[in-house]
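Coordinates as given in run-v6.pdb (PDB, C-alpha atoms, pLDDT in the B column):
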```
ATOM      1  CA  MET N   6      79.826-200.753 115.058  1.00 51.00           C
ATOM      2  CA  THR N   7      81.327-200.784 111.598  1.00 55.00           C
ATOM      3  CA  THR N   8      84.717-202.221 110.756  1.00 61.00           C
ATOM      4  CA  LYS N   9      85.826-198.827 109.462  1.00 74.00           C
ATOM      5  CA  ASN N  10      84.937-197.258 112.788  1.00 94.00           C
ATOM      6  CA  LEU N  11      86.902-199.946 114.629  1.00 96.00           C
ATOM      7  CA  ASP N  12      89.875-199.476 112.299  1.00 95.00           C
ATOM      8  CA  THR N  13      89.758-195.706 112.762  1.00 96.00           C
ATOM      9  CA  ARG N  14      89.615-196.038 116.541  1.00 97.00           C
ATOM     10  CA  PHE N  15      92.471-198.550 116.415  1.00 97.00           C
ATOM     11  CA  GLU N  16      94.661-196.193 114.367  1.00 97.00           C
ATOM     12  CA  GLU N  17      93.922-193.367 116.802  1.00 97.00           C
ATOM     13  CA  ALA N  18      94.945-195.630 119.704  1.00 97.00           C
ATOM     14  CA  VAL N  19      98.168-196.530 117.881  1.00 97.00           C
ATOM     15  CA  GLU N  20      98.955-192.813 117.537  1.00 97.00           C
ATOM     16  CA  ILE N  21      98.318-192.278 121.250  1.00 96.00           C
ATOM     17  CA  ALA N  22     100.559-195.226 122.099  1.00 96.00           C
ATOM     18  CA  ALA N  23     103.338-193.930 119.853  1.00 95.00           C
ATOM     19  CA  ALA N  24     103.401-190.714 121.863  1.00 94.00           C
ATOM     20  CA  MET N  25     103.689-192.572 125.185  1.00 93.00           C
ATOM     21  CA  SER N  26     107.022-193.164 126.844  1.00 91.00           C
ATOM     22  CA  GLN N  27     107.814-196.868 127.125  1.00 87.00           C
ATOM     23  CA  ASP N  28     109.801-196.120 130.269  1.00 89.00           C
ATOM     24  CA  SER N  29     106.593-195.098 132.016  1.00 87.00           C
ATOM     25  CA  LEU N  30     104.876-198.437 131.348  1.00 92.00           C
ATOM     26  CA  PRO N  31     105.508-201.641 133.305  1.00 94.00           C
ATOM     27  CA  GLN N  32     106.930-204.437 131.184  1.00 94.00           C
ATOM     28  CA  ASP N  33     103.840-206.623 131.574  1.00 95.00           C
ATOM     29  CA  VAL N  34     101.704-203.802 130.170  1.00 96.00           C
ATOM     30  CA  GLN N  35     104.147-203.302 127.293  1.00 96.00           C
ATOM     31  CA  LEU N  36     103.975-207.024 126.489  1.00 96.00           C
ATOM     32  CA  ARG N  37     100.173-207.062 126.607  1.00 97.00           C
ATOM     33  CA  LEU N  38      99.966-204.065 124.272  1.00 97.00           C
ATOM     34  CA  TYR N  39     102.530-205.651 121.957  1.00 97.00           C
ATOM     35  CA  ALA N  40     100.487-208.869 121.814  1.00 97.00           C
ATOM     36  CA  TYR N  41      97.201-207.055 121.128  1.00 98.00           C
ATOM     37  CA  TYR N  42      98.878-204.958 118.439  1.00 97.00           C
ATOM     38  CA  LYS N  43     100.443-207.972 116.718  1.00 96.00           C
ATOM     39  CA  GLN N  44      97.207-209.964 116.872  1.00 96.00           C
ATOM     40  CA  SER N  45      95.343-206.927 115.515  1.00 97.00           C
ATOM     41  CA  THR N  46      97.701-206.337 112.620  1.00 96.00           C
ATOM     42  CA  PHE N  47      98.986-209.823 111.742  1.00 94.00           C
ATOM     43  CA  GLY N  48      96.396-212.211 113.177  1.00 93.00           C
ATOM     44  CA  THR N  49      97.297-215.446 114.884  1.00 90.00           C
ATOM     45  CA  LEU N  50     100.996-216.118 115.298  1.00 83.00           C
ATOM     46  CA  ASN N  51     102.395-218.705 112.907  1.00 77.00           C
ATOM     47  CA  SER N  52     103.790-221.496 115.060  1.00 66.00           C
ATOM     48  CA  ASN N  53     106.748-221.713 112.680  1.00 62.00           C
ATOM     49  CA  HIS N  54     107.639-218.111 113.547  1.00 57.00           C
ATOM     50  CA  ASN N  55     111.351-218.331 114.256  1.00 58.00           C
ATOM     51  CA  SER N  56     113.081-215.015 114.605  1.00 57.00           C
ATOM     52  CA  ASP N  57     116.518-214.657 116.097  1.00 60.00           C
ATOM     53  CA  PHE N  58     116.045-216.162 119.516  1.00 66.00           C
ATOM     54  CA  ASP N  59     116.757-214.053 122.528  1.00 81.00           C
ATOM     55  CA  LEU N  60     114.956-213.690 125.839  1.00 85.00           C
ATOM     56  CA  ARG N  61     113.197-210.461 124.889  1.00 83.00           C
ATOM     57  CA  ASN N  62     111.754-211.977 121.720  1.00 89.00           C
ATOM     58  CA  ALA N  63     110.745-215.097 123.653  1.00 89.00           C
ATOM     59  CA  PHE N  64     108.679-212.983 126.066  1.00 92.00           C
ATOM     60  CA  LYS N  65     107.103-211.062 123.185  1.00 92.00           C
ATOM     61  CA  THR N  66     106.276-214.257 121.300  1.00 91.00           C
ATOM     62  CA  ASN N  67     104.847-215.850 124.436  1.00 93.00           C
ATOM     63  CA  ALA N  68     102.625-212.824 125.092  1.00 95.00           C
ATOM     64  CA  TRP N  69     101.316-212.976 121.519  1.00 95.00           C
ATOM     65  CA  MET N  70     100.706-216.728 121.707  1.00 94.00           C
ATOM     66  CA  GLN N  71      98.700-216.292 124.918  1.00 96.00           C
ATOM     67  CA  ILE N  72      96.109-214.156 123.150  1.00 96.00           C
ATOM     68  CA  SER N  73      96.150-215.970 119.797  1.00 95.00           C
ATOM     69  CA  HIS N  74      92.616-217.235 120.461  1.00 95.00           C
ATOM     70  CA  LEU N  75      91.310-213.680 119.993  1.00 97.00           C
ATOM     71  CA  SER N  76      89.956-212.497 116.681  1.00 97.00           C
ATOM     72  CA  VAL N  77      91.559-209.473 115.034  1.00 97.00           C
ATOM     73  CA  GLU N  78      88.527-207.408 116.016  1.00 97.00           C
ATOM     74  CA  GLU N  79      88.672-208.539 119.664  1.00 98.00           C
ATOM     75  CA  ALA N  80      92.382-207.749 119.833  1.00 98.00           C
ATOM     76  CA  LYS N  81      91.784-204.283 118.377  1.00 97.00           C
ATOM     77  CA  GLU N  82      89.047-203.578 120.942  1.00 97.00           C
ATOM     78  CA  LEU N  83      91.288-204.707 123.811  1.00 98.00           C
ATOM     79  CA  TYR N  84      94.199-202.641 122.483  1.00 98.00           C
ATOM     80  CA  ILE N  85      91.979-199.556 122.255  1.00 97.00           C
ATOM     81  CA  GLU N  86      90.566-200.118 125.764  1.00 97.00           C
ATOM     82  CA  ASN N  87      94.030-200.533 127.282  1.00 97.00           C
ATOM     83  CA  ILE N  88      95.489-197.464 125.556  1.00 97.00           C
ATOM     84  CA  LEU N  89      92.550-195.287 126.575  1.00 96.00           C
ATOM     85  CA  LEU N  90      92.794-196.534 130.162  1.00 96.00           C
ATOM     86  CA  LEU N  91      96.524-195.781 130.249  1.00 95.00           C
ATOM     87  CA  GLN N  92      95.925-192.338 128.780  1.00 93.00           C
ATOM     88  CA  LYS N  93      93.222-191.630 131.350  1.00 92.00           C
ATOM     89  CA  ASN N  94      95.481-192.714 134.245  1.00 87.00           C
ATOM     90  CA  LYS N  95      98.426-190.562 133.104  1.00 76.00           C
TER      91      LYS N  95
END
```
Entire entry expressed as structure tokens:
Amino acid sequence: MTTKNLDTRFEEAVEIAAAMSQDSLPQDVQLRLYAYYKQSTFGTLNSNHNSDFDLRNAFKTNAWMQISHLSVEEAKELYIENILLLQKNK
């Protein structure tokens, strides 16, 4: 599978996700998707990442840190798989 193909499939999954209602997704699923997306687009979280601290951002940062061992390609594949599964189960 070529990188271009993976990138194209990832962008298509992002478009599908953008059309989904966040209200219909459990928070743990939202956090997992957020983490896969961030890992896919930014790579491993910089440990010096210090945004304005609040509980919501702490959960998001924690979710991202938990999957920081994944490569960008692995994160993209997992993001795509999760989005397609959610779309199928709609």
(request) Please write the residues picked by the PyMOL selection byres ((chain N and resi 86) around 12) on this file as a PyMOL selection string. (result) chain N and resi 11+14-15+17-19+21-22+37-38+41+79-85+87-93
(request) Evaluate the PyMOL selection byres ((chain N and resi 45) around 7) and record the selected residues as JSON, numbers by chain, following the chain and residue labels used in the document. (result) {"N": [41, 42, 43, 44, 46, 47, 48, 77, 78, 80, 81]}
Please determine an axis-aligned box that encloses all atoms of stretch 57-71 of chain N listed in the file, with 5 Å added on each side, and express its centre and edge lengths in Å to one decimal as JSON.
```
{"center_x": 107.7, "center_y": -213.6, "center_z": 121.1, "size_x": 28.1, "size_y": 16.3, "size_z": 20.0}
```
(request) Give as number ranges by chain the set of residues within 9 Å of the point (96.3, -214.1, 121.3), where distances use the file's coordinates and only C-alpha atoms. (result) N: 40-41, 43-44, 48-50, 68-76, 80
(message) Just to confirm, what's the straight-line distance from atom CA of N:Gln35 to atom CA of N:Phe64 in Å (one decimal)?
(response) 10.8 Å
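In this model, the gap between atom CA of N:Leu60 and atom CA of N:Ser26 comes to 22.0 Å.
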(request) Would you mind telling me which residue in N:Glu16, N:Lys65, N:Asn10, N:Lys95 lies nearest to N:Gln32 when using all atoms listed in the file? (result)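 Looking at the shortest contact to N:Gln32, the residue is N:Lys65.
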(message) Report, in Å with one decimal, the straight-line distance from atom CA of N:Thr13 to atom CA of N:Asn62.
(response) 28.8 Å
